[in-house]
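J.: Dropping in structure-v2.cif, which is mmCIF, C-alpha atoms and all ligand atoms:
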data_run
loop_
_atom_site.label_atom_id
_atom_site.label_comp_id
_atom_site.auth_asym_id
_atom_site.auth_seq_id
_atom_site.Cartn_x
_atom_site.Cartn_y
_atom_site.Cartn_z
CA MET A 14 108.19 94.37 118.86
CA LYS A 15 110.81 96.94 119.79
CA ILE A 16 110.45 96.26 123.50
CA LEU A 17 111.66 92.67 123.27
CA PRO A 18 115.35 93.25 122.41
CA ALA A 19 115.50 96.07 124.96
CA LEU A 20 114.01 93.84 127.64
CA ARG A 21 116.40 91.06 126.72
CA LEU A 22 119.34 93.43 126.96
CA PHE A 23 118.17 94.56 130.38
CA LEU A 24 117.74 90.99 131.65
CA LEU A 25 121.18 90.05 130.35
CA SER A 26 122.69 92.98 132.21
CA ILE A 27 121.18 92.00 135.59
CA PRO A 28 123.88 89.43 136.55
CA VAL A 29 126.54 91.95 135.60
CA LEU A 30 124.89 94.61 137.71
CA ILE A 31 124.56 92.21 140.64
CA ALA A 32 128.20 91.19 140.34
CA GLY A 33 129.10 94.85 140.37
CA GLY A 34 131.10 94.38 137.19
CA CYS A 35 129.31 96.92 135.03
CA THR A 36 132.04 98.99 133.47
CA ASN A 37 131.43 102.33 131.80
CA MET A 38 131.90 100.65 128.44
CA ASP A 39 129.22 98.06 129.19
CA ALA A 40 126.80 100.75 130.27
CA GLN A 41 127.59 102.82 127.20
CA ARG A 42 127.02 99.86 124.90
CA ALA A 43 123.72 99.05 126.57
CA GLN A 44 122.54 102.61 126.07
CA THR A 45 123.55 102.92 122.44
CA ALA A 46 122.89 99.35 121.23
CA PRO A 47 120.40 99.52 118.33
CA LEU A 48 117.08 97.83 119.01
CA HIS A 49 117.20 96.29 115.54
CA ALA A 50 119.77 96.21 112.78
CA SER A 51 119.50 98.94 110.17
CA PRO A 52 118.57 97.85 106.63
CA VAL A 53 122.14 98.27 105.40
CA ALA A 54 123.52 96.38 108.42
CA GLN A 55 121.02 93.63 107.65
CA TYR A 56 121.43 93.31 103.88
CA GLY A 57 124.87 94.74 103.10
CA ALA A 58 126.02 95.66 99.61
CA LEU A 59 123.40 95.10 96.90
CA SER A 60 124.14 93.63 93.51
CA VAL A 61 122.33 92.16 90.51
CA ALA A 62 122.22 88.40 90.03
CA GLU A 63 120.06 86.49 87.57
CA GLY A 64 117.61 89.31 87.04
CA HIS A 65 117.17 90.25 90.67
CA ILE A 66 118.59 92.82 93.03
CA VAL A 67 120.10 90.71 95.79
CA ASP A 68 121.66 91.33 99.19
CA ALA A 69 125.19 90.43 100.25
CA ALA A 70 124.07 86.84 100.85
CA GLY A 71 122.64 86.56 97.34
CA THR A 72 118.99 86.66 98.42
CA PRO A 73 116.54 88.87 96.46
CA VAL A 74 115.68 91.94 98.49
CA SER A 75 112.73 94.34 98.27
CA LEU A 76 112.92 97.69 100.04
CA ALA A 77 110.25 100.38 100.47
CA GLY A 78 110.53 104.07 101.14
CA PRO A 79 109.72 107.59 99.97
CA SER A 80 111.03 109.68 97.08
CA PHE A 81 111.75 113.28 97.81
CA PHE A 82 110.29 115.84 95.37
CA TRP A 83 112.25 117.99 92.89
CA SER A 84 115.10 119.67 94.81
CA THR A 85 114.71 122.81 92.68
CA THR A 86 115.61 126.09 94.38
CA GLY A 87 112.48 128.19 94.88
CA TRP A 88 109.89 125.50 94.24
CA GLY A 89 109.22 125.12 97.97
CA GLN A 90 109.72 121.38 98.36
CA GLU A 91 113.47 121.69 98.81
CA ARG A 92 112.75 122.43 102.48
CA PHE A 93 112.14 118.70 103.02
CA TYR A 94 115.77 117.93 102.12
CA ASN A 95 117.00 117.71 105.72
CA ALA A 96 118.47 115.04 107.98
CA ASP A 97 115.62 115.05 110.51
CA ALA A 98 113.13 114.14 107.76
CA VAL A 99 115.24 111.13 106.78
CA ARG A 100 115.60 110.04 110.40
CA PHE A 101 111.85 110.26 110.92
CA PHE A 102 111.19 108.17 107.80
CA ALA A 103 113.63 105.58 109.15
CA GLU A 104 112.34 105.49 112.70
CA ASP A 105 108.61 106.17 112.38
CA TRP A 106 107.82 104.93 108.85
CA ASN A 107 110.22 101.97 108.89
CA ALA A 108 111.59 103.19 105.54
CA LYS A 109 114.52 101.17 104.27
CA ILE A 110 115.39 103.31 101.27
CA VAL A 111 114.97 106.95 100.25
CA ARG A 112 115.39 108.75 96.92
CA ALA A 113 116.86 112.18 96.41
CA ALA A 114 115.33 113.60 93.21
CA MET A 115 118.03 116.12 92.42
CA ALA A 116 116.57 118.54 89.92
CA ALA A 117 118.57 118.69 86.68
CA GLU A 118 116.37 120.61 84.31
CA ARG A 119 114.88 124.12 84.29
CA GLU A 120 115.72 127.25 86.29
CA GLY A 121 116.75 126.62 89.90
CA SER A 122 117.99 123.09 89.15
CA TYR A 123 121.57 121.78 89.20
CA LEU A 124 122.00 123.33 85.76
CA THR A 125 121.70 126.89 87.11
CA ASP A 126 122.25 126.35 90.86
CA PRO A 127 124.53 123.32 91.12
CA ASP A 128 125.99 123.79 94.58
CA ALA A 129 122.65 124.18 96.36
CA ASN A 130 121.05 121.24 94.58
CA ALA A 131 124.03 118.94 95.09
CA ALA A 132 124.15 119.96 98.75
CA ARG A 133 120.49 118.95 99.13
CA ALA A 134 121.16 115.56 97.59
CA PHE A 135 124.24 115.04 99.78
CA THR A 136 122.24 115.99 102.89
CA ILE A 137 119.88 113.11 102.10
CA VAL A 138 122.77 110.70 101.39
CA ASP A 139 124.61 111.62 104.59
CA ALA A 140 121.43 111.18 106.62
CA ALA A 141 120.69 107.85 104.93
CA ILE A 142 124.18 106.61 105.82
CA GLU A 143 123.74 107.86 109.39
CA ASN A 144 120.49 105.88 109.69
CA GLY A 145 121.65 102.78 107.81
CA LEU A 146 119.26 103.28 104.86
CA TYR A 147 119.83 102.73 101.17
CA VAL A 148 119.67 105.90 99.10
CA VAL A 149 118.98 106.50 95.42
CA VAL A 150 120.65 109.59 93.97
CA ASP A 151 118.55 110.53 90.95
CA TRP A 152 119.42 112.90 88.09
CA HIS A 153 115.90 114.31 87.96
CA SER A 154 115.57 115.30 84.33
CA HIS A 155 113.50 114.43 81.28
CA ARG A 156 116.30 115.60 78.95
CA ALA A 157 119.49 114.23 80.43
CA GLU A 158 121.08 113.65 77.03
CA GLU A 159 121.19 117.45 76.59
CA ASN A 160 123.48 117.84 79.62
CA VAL A 161 125.83 114.87 79.55
CA GLU A 162 128.86 116.81 80.79
CA GLU A 163 126.97 118.15 83.80
CA ALA A 164 125.63 114.68 84.61
CA ILE A 165 129.13 113.21 84.42
CA ALA A 166 130.55 115.92 86.69
CA PHE A 167 127.81 115.35 89.26
CA PHE A 168 128.06 111.57 89.33
CA ARG A 169 131.86 111.69 89.48
CA GLU A 170 131.45 113.69 92.66
CA VAL A 171 128.79 111.28 93.99
CA ALA A 172 131.01 108.27 93.23
CA THR A 173 134.05 109.90 94.82
CA ARG A 174 132.18 110.83 97.98
CA TYR A 175 130.00 107.76 98.45
CA GLY A 176 131.06 104.99 96.05
CA ASP A 177 132.69 103.00 98.82
CA THR A 178 129.52 102.88 100.95
CA PRO A 179 126.95 100.07 100.54
CA ASN A 180 124.14 102.62 100.90
CA LEU A 181 124.50 104.35 97.55
CA ILE A 182 122.45 103.60 94.42
CA TYR A 183 122.86 105.73 91.28
CA GLU A 184 119.87 106.67 89.13
CA ILE A 185 121.39 108.35 86.11
CA TYR A 186 118.28 109.45 84.17
CA ASN A 187 114.94 110.07 85.85
CA GLU A 188 112.53 109.82 82.93
CA PRO A 189 113.34 110.01 79.22
CA LEU A 190 110.42 111.30 77.15
CA ASP A 191 108.36 109.06 74.85
CA THR A 192 110.17 110.63 71.89
CA THR A 193 113.60 109.81 73.34
CA ASP A 194 114.60 106.61 71.60
CA TRP A 195 116.01 103.81 73.74
CA ALA A 196 118.48 102.37 71.23
CA THR A 197 119.94 105.60 69.86
CA ILE A 198 119.69 108.04 72.79
CA VAL A 199 118.91 106.53 76.21
CA LYS A 200 121.12 103.47 75.93
CA PRO A 201 124.22 105.33 74.64
CA TYR A 202 123.76 108.05 77.30
CA SER A 203 123.49 105.34 79.96
CA GLU A 204 126.61 103.54 78.72
CA THR A 205 128.58 106.79 78.82
CA LEU A 206 127.50 107.52 82.40
CA ILE A 207 128.11 103.93 83.50
CA GLU A 208 131.64 103.99 82.09
CA GLU A 209 132.42 107.26 83.91
CA ILE A 210 131.00 106.04 87.23
CA ARG A 211 132.80 102.70 86.98
CA LYS A 212 136.17 104.47 86.67
CA ILE A 213 135.63 105.51 90.30
CA ASP A 214 133.14 103.04 91.76
CA PRO A 215 133.38 99.48 90.42
CA ASP A 216 130.34 97.97 92.04
CA ASN A 217 127.39 99.97 93.43
CA LEU A 218 124.02 99.55 91.70
CA ILE A 219 123.32 101.85 88.75
CA VAL A 220 119.66 102.28 87.75
CA VAL A 221 119.03 103.13 84.10
CA GLY A 222 115.94 104.87 82.73
CA SER A 223 113.92 103.84 79.71
CA GLN A 224 111.90 105.52 77.00
CA SER A 225 108.45 106.95 77.81
CA TRP A 226 108.97 108.02 81.44
CA ASP A 227 110.51 104.67 82.40
CA GLN A 228 107.64 102.66 80.98
CA ASP A 229 109.24 101.05 77.90
CA VAL A 230 111.18 98.51 79.90
CA ASP A 231 110.21 96.00 77.20
CA LYS A 232 112.49 97.87 74.75
CA ALA A 233 115.32 97.74 77.29
CA ALA A 234 114.66 94.04 77.84
CA ASP A 235 114.97 93.37 74.10
CA ASP A 236 118.20 95.39 73.86
CA PRO A 237 119.78 95.47 77.31
CA ILE A 238 123.04 97.06 78.37
CA THR A 239 125.78 94.44 78.32
CA GLY A 240 129.36 94.32 79.54
CA HIS A 241 128.63 95.94 82.90
CA GLU A 242 127.63 94.49 86.25
CA ASN A 243 125.02 95.62 88.76
CA ILE A 244 122.81 97.44 86.28
CA ALA A 245 119.11 97.74 87.11
CA TYR A 246 116.25 99.42 85.25
CA ALA A 247 113.68 101.89 86.52
CA ILE A 248 109.98 101.19 86.14
CA HIS A 249 107.74 104.16 86.98
CA PHE A 250 103.98 103.88 87.35
CA TYR A 251 101.10 106.00 88.53
CA ALA A 252 98.41 103.60 89.66
CA GLY A 253 95.45 105.78 88.65
CA SER A 254 96.60 105.89 85.01
CA HIS A 255 98.80 102.84 84.47
CA LYS A 256 97.21 99.45 84.75
CA ASP A 257 97.26 96.16 82.86
CA GLU A 258 99.16 97.37 79.80
CA LEU A 259 102.12 98.71 81.78
CA MET A 260 102.03 95.81 84.21
CA ALA A 261 102.38 93.49 81.22
CA LYS A 262 105.46 95.44 80.06
CA ALA A 263 106.97 95.18 83.53
CA GLN A 264 106.27 91.45 83.61
CA TYR A 265 107.82 91.05 80.14
CA ALA A 266 110.99 92.78 81.33
CA ILE A 267 111.12 90.63 84.46
CA ASP A 268 110.56 87.46 82.45
CA ASN A 269 113.37 88.49 80.13
CA GLY A 270 115.87 88.96 82.91
CA LEU A 271 115.87 92.67 83.75
CA ALA A 272 116.34 93.62 87.40
CA LEU A 273 113.75 96.33 88.01
CA MET A 274 113.47 99.02 90.64
CA ALA A 275 110.37 101.23 90.98
CA THR A 276 112.38 104.32 91.85
CA GLU A 277 109.20 106.39 91.55
CA TRP A 278 105.54 105.52 91.70
CA GLY A 279 102.30 107.20 92.68
CA THR A 280 98.92 106.19 94.03
CA VAL A 281 97.24 108.75 91.75
CA ASN A 282 97.21 109.80 88.06
CA TYR A 283 100.30 110.18 85.87
CA ASP A 284 100.23 113.97 86.29
CA GLY A 285 100.67 113.61 90.05
CA ASP A 286 97.11 114.60 90.79
CA GLY A 287 93.72 112.99 91.23
CA PRO A 288 92.39 110.59 93.86
CA VAL A 289 94.14 107.58 95.31
CA ASP A 290 93.45 104.48 93.19
CA ARG A 291 93.67 101.94 95.97
CA ALA A 292 92.79 98.83 93.93
CA SER A 293 95.31 99.57 91.19
CA THR A 294 97.99 100.45 93.75
CA LEU A 295 97.48 97.12 95.50
CA ALA A 296 97.66 95.24 92.18
CA TRP A 297 100.99 96.95 91.45
CA LEU A 298 102.32 96.30 94.93
CA LYS A 299 101.51 92.61 94.55
CA LEU A 300 103.57 92.52 91.34
CA LEU A 301 106.45 94.26 93.13
CA GLN A 302 106.18 91.92 96.11
CA ASP A 303 105.96 88.77 93.97
CA ASN A 304 109.12 89.79 92.12
CA SER A 305 111.12 91.30 95.02
CA ILE A 306 111.17 94.76 93.51
CA SER A 307 112.06 97.79 95.63
CA HIS A 308 109.99 100.95 95.41
CA MET A 309 109.89 104.61 96.37
CA ASN A 310 106.68 106.61 96.52
CA TRP A 311 106.32 110.05 94.93
CA ALA A 312 106.48 112.31 96.81
CA VAL A 313 107.76 113.96 99.97
CA SER A 314 105.88 117.16 99.32
CA ASP A 315 103.10 119.42 100.57
CA ALA A 316 102.22 120.71 97.10
CA PRO A 317 98.45 120.94 96.60
CA GLU A 318 98.17 117.78 94.47
CA GLY A 319 97.08 114.20 94.98
CA ALA A 320 100.55 112.61 95.00
CA ALA A 321 101.83 114.78 97.86
CA MET A 322 102.25 112.88 101.13
CA PHE A 323 101.63 115.94 103.25
CA VAL A 324 98.94 118.58 103.57
CA VAL A 325 99.94 122.15 102.74
CA GLY A 326 102.02 123.67 105.51
CA ALA A 327 103.15 120.39 107.10
CA PRO A 328 106.46 120.59 108.96
CA ALA A 329 109.59 119.81 106.93
CA SER A 330 111.63 117.97 109.56
CA GLY A 331 109.58 114.93 110.54
CA ASP A 332 107.29 114.51 113.56
CA TRP A 333 104.44 114.08 111.10
CA THR A 334 101.14 113.07 112.69
CA ASP A 335 98.03 111.68 111.01
CA ALA A 336 96.77 115.24 110.65
CA HIS A 337 99.78 116.13 108.45
CA LEU A 338 99.11 113.30 105.98
CA THR A 339 97.02 113.42 102.82
CA ALA A 340 94.90 110.43 101.77
CA SER A 341 97.85 109.24 99.71
CA GLY A 342 100.28 109.88 102.56
CA GLN A 343 98.22 107.80 104.98
CA PHE A 344 98.00 104.88 102.57
CA VAL A 345 101.68 105.09 101.65
CA ARG A 346 102.84 105.26 105.26
CA GLU A 347 100.91 102.05 105.94
CA ILE A 348 102.52 100.37 102.92
CA ILE A 349 106.05 101.45 103.80
CA ARG A 350 105.72 100.61 107.49
CA ASN A 351 104.49 97.09 106.82
CA TRP A 352 106.48 96.24 103.68
CA GLY A 353 108.09 92.85 104.05
CA THR A 354 106.66 92.21 107.49
CA LYS A 355 102.88 92.09 106.99
CA PRO A 356 100.67 90.97 104.09
CA LEU A 357 99.29 93.64 101.78
CA PRO A 358 95.80 94.91 102.69
CA ALA A 359 93.12 92.71 101.09
CA LYS A 360 91.57 95.80 99.47
MG MG A 401 131.31 100.84 95.47
#
Please, can you express the file's structure as structure tokens?
T.:
Amino acid sequence: MKILPALRLFLLSIPVLIAGGCTNMDAQRAQTAPLHASPVAQYGALSVAEGHIVDAAGTPVSLAGPSFFWSTTGWGQERFYNADAVRFFAEDWNAKIVRAAMAAEREGSYLTDPDANAARAFTIVDAAIENGLYVVVDWHSHRAEENVEEAIAFFREVATRYGDTPNLIYEIYNEPLDTTDWATIVKPYSETLIEEIRKIDPDNLIVVGSQSWDQDVDKAADDPITGHENIAYAIHFYAGSHKDELMAKAQYAIDNGLALMATEWGTVNYDGDGPVDRASTLAWLKLLQDNSISHMNWAVSDAPEGAAMFVVGAPASGDWTDAHLTASGQFVREIIRNWGTKPLPAK
């Protein structure tokens, strides 16, 4: 497919070349003209309308891409936080969105090493902007309500740096625990963060978490955040563990008007390990496709566990071949590459 625009450009340039009128500017444009529009050039600023995330023209949009792993200093997966990795996901995987999972709990996270972790997140955002991708900046914590001031400081910086770009999407709370009540803890935390972000950035999407690792979207649907625009809700699933019951909750939330985004999902069990559950993954992807829901797969990692895309020791800066991919990585690359352009595999 990529050859066609290039060929067309070449054919169009022939009369100019024959006429001898090819200026330096023309030649420069021909060399640097993109073969296809980037996702952000194509869809523009995203917003929420009538329960859907829509593009600048008001059409529901569904984007696929990878989620980076915890950015934690010393955990080993922070090496993947580099611009070449993002470029390779854009060019070779056809990714349209990426997620920076900026660690915000435990030693080595933003709480004890803020500059290094923020720099990793900003590396991903800068590279996403460079490649015309959407980018989710995630406060990767299960206890965000314990560090509200730190979260506010971080997202104020994110909003100041990137709030005027269409690329940026905020994810203000990765996964509240099952004991973290929606109505009395998660919702008030979210409202506080939303109000702080909106002082700087009036419009970019903000994704809110929900109780039980972003599974209780039914509770959020019954008691949604009001008075703010462009608010979406995270749904997280691990296909090996989460099946009909969680799909029914997701459908309930959709039916009740929540705009969902699967900011994290896995092909394997909820603990990030186990074999790929291909049938359950495809059932989930059909739900996402049918409802124009964007999704990011967990995770860009070579940790020795089922959810990792890469085998141990894979390079950190792209150029990944089949040999660098785990079973999950191979399946996920196929899904991301073909999302929105080809039907899902039959099985
Ligand atoms: Mg903005």
J.: Chain A near ligand MG 401 (chain A) within 10 Å: what's each residue's closest atom pair and its distance in Å to one decimal, counting all atoms listed in the file, ordered by chain then ascending residue number, as CSV?
T.:
residue,atom,partner,partner_atom,distance
A:Ala58,CA,A:MG401,MG,8.5
A:Leu59,CA,A:MG401,MG,9.9
A:Ala172,CA,A:MG401,MG,7.8
A:Thr173,CA,A:MG401,MG,9.5
A:Tyr175,CA,A:MG401,MG,7.6
A:Gly176,CA,A:MG401,MG,4.2
A:Asp177,CA,A:MG401,MG,4.2
A:Thr178,CA,A:MG401,MG,6.1
A:Pro179,CA,A:MG401,MG,6.7
A:Asn180,CA,A:MG401,MG,9.2
A:Leu181,CA,A:MG401,MG,7.9
A:Ile182,CA,A:MG401,MG,9.3
A:Ile210,CA,A:MG401,MG,9.7
A:Arg211,CA,A:MG401,MG,8.8
A:Ile213,CA,A:MG401,MG,8.2
A:Asp214,CA,A:MG401,MG,4.7
A:Pro215,CA,A:MG401,MG,5.6
A:Asp216,CA,A:MG401,MG,4.6
A:Asn217,CA,A:MG401,MG,4.5
A:Leu218,CA,A:MG401,MG,8.3
J.: Which residues, written as a PyMOL selection string, have at least one atom at most 12 Å from Tyr147 of chain A, with all atoms listed in the file counted and residues fewer than 5 positions away on the same chain left out?
T.: chain A and resi 51-59+68+74-80+99+103+108-113+137-142+175+178-183+217-218+307-309
J.: Find the residue from A:Met260, A:Val149, A:Ala329, A:Ile185 that sits nearest to Ala166 of chain A; use all atoms listed in the file when measuring.
T.: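 Result for the nearest residue to Ala166 of chain A: A:Ile185.
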J.: Between atom CA of Glu158 of chain A and atom CA of Thr280 of chain A, measure the distance and give it in Å to one decimal.
T.: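 Pair atom CA of Glu158 of chain A / atom CA of Thr280 of chain A returns 28.9 Å.
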J.: Output as a Markdown table one row per residue of segment 77-102 of chain A within 8 Å of segment 126-132 of chain A: the closest atom pair and its distance in Å to one decimal place, counting only C-alpha atoms, sorted by chain and residue number ascending.
T.:
| residue | atom | partner | partner_atom | distance |
| --- | --- | --- | --- | --- |
| A:Ser84 | CA | A:Asn130 | CA | 6.2 |
| A:Thr85 | CA | A:Asn130 | CA | 6.8 |
| A:Thr86 | CA | A:Asn130 | CA | 7.3 |
J.: Write to file, as an mmCIF file, in the coordinates of the input, the residues of the selection just made, with C-alpha atoms.
T.:
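Final output, saved to part.cif:
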data_model
loop_
_atom_site.group_PDB
_atom_site.id
_atom_site.type_symbol
_atom_site.label_atom_id
_atom_site.label_comp_id
_atom_site.auth_asym_id
_atom_site.auth_seq_id
_atom_site.Cartn_x
_atom_site.Cartn_y
_atom_site.Cartn_z
ATOM 1 C CA SER A 84 115.100 119.670 94.810
ATOM 2 C CA THR A 85 114.710 122.810 92.680
ATOM 3 C CA THR A 86 115.610 126.090 94.380
#
J.: Tell me, in Å to one decimal, how far atom CA of Val148 of chain A is from atom CA of Gln224 of chain A.
T.: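 The value is 23.4 Å.
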J.: Between A:Glu159, A:Leu301, A:Asn243, A:Ile165, which has the minimum distance to Val199 of chain A (counting all atoms listed in the file)?
T.: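 The closest residue to Val199 of chain A is A:Glu159.
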J.: Let me make sure I understand: among A:Asp97, A:Glu163, A:Glu204, A:Glu143, which one has the smallest atom-to-atom distance to Ala117 of chain A if we use only C-alpha atoms?
T.: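 The answer is A:Glu163, which sits nearest to Ala117 of chain A.
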J.: Compile the contact shell of segment 281-288 of chain A as a PyMOL selection string: residues with an atom at most 10 Å away, counting only C-alpha atoms, same-chain residues fewer than 2 positions apart removed.
T.: chain A and resi 226+249-255+278-279+290-291+293-294+311-312+317-321+340-341
J.: Tell me, in Å to one decimal, how far atom CA of Glu208 of chain A is from atom CA of Val171 of chain A.
T.: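 Atom CA of Val171 of chain A lies 14.2 Å from atom CA of Glu208 of chain A.
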J.: Counting all atoms listed in the file, select every polymer residue within 10 Å of (124.0, 98.3, 74.3) as defined in the file's coordinates, and provide the selection as a ChimeraX atom specification.
T.: /A:195-197,199-201,203-204,233,236-240
J.: Using only C-alpha atoms, which of the listed residues (A:Asp105, A:Leu206, A:Val220, A:Ser154) sits closest to Glu347 of chain A?
T.: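 Counting only C-alpha atoms, the residue closest to Glu347 of chain A is A:Asp105.
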J.: Rank nothing, just name the residue among A:Thr339, A:Phe101, A:Val150, A:Glu162 nearest to Leu124 of chain A, using all atoms listed in the file.
T.: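 Of A:Thr339, A:Phe101, A:Val150, A:Glu162, the one nearest Leu124 of chain A, counting all atoms listed in the file, is A:Glu162.
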J.: Near Gly71 of chain A, counting all atoms listed in the file, which residues have an atom at most 9 Å away, once you skip same-chain residues fewer than 4 positions from it, shown as a ChimeraX atom specification?
T.: /A:59-62,66-67
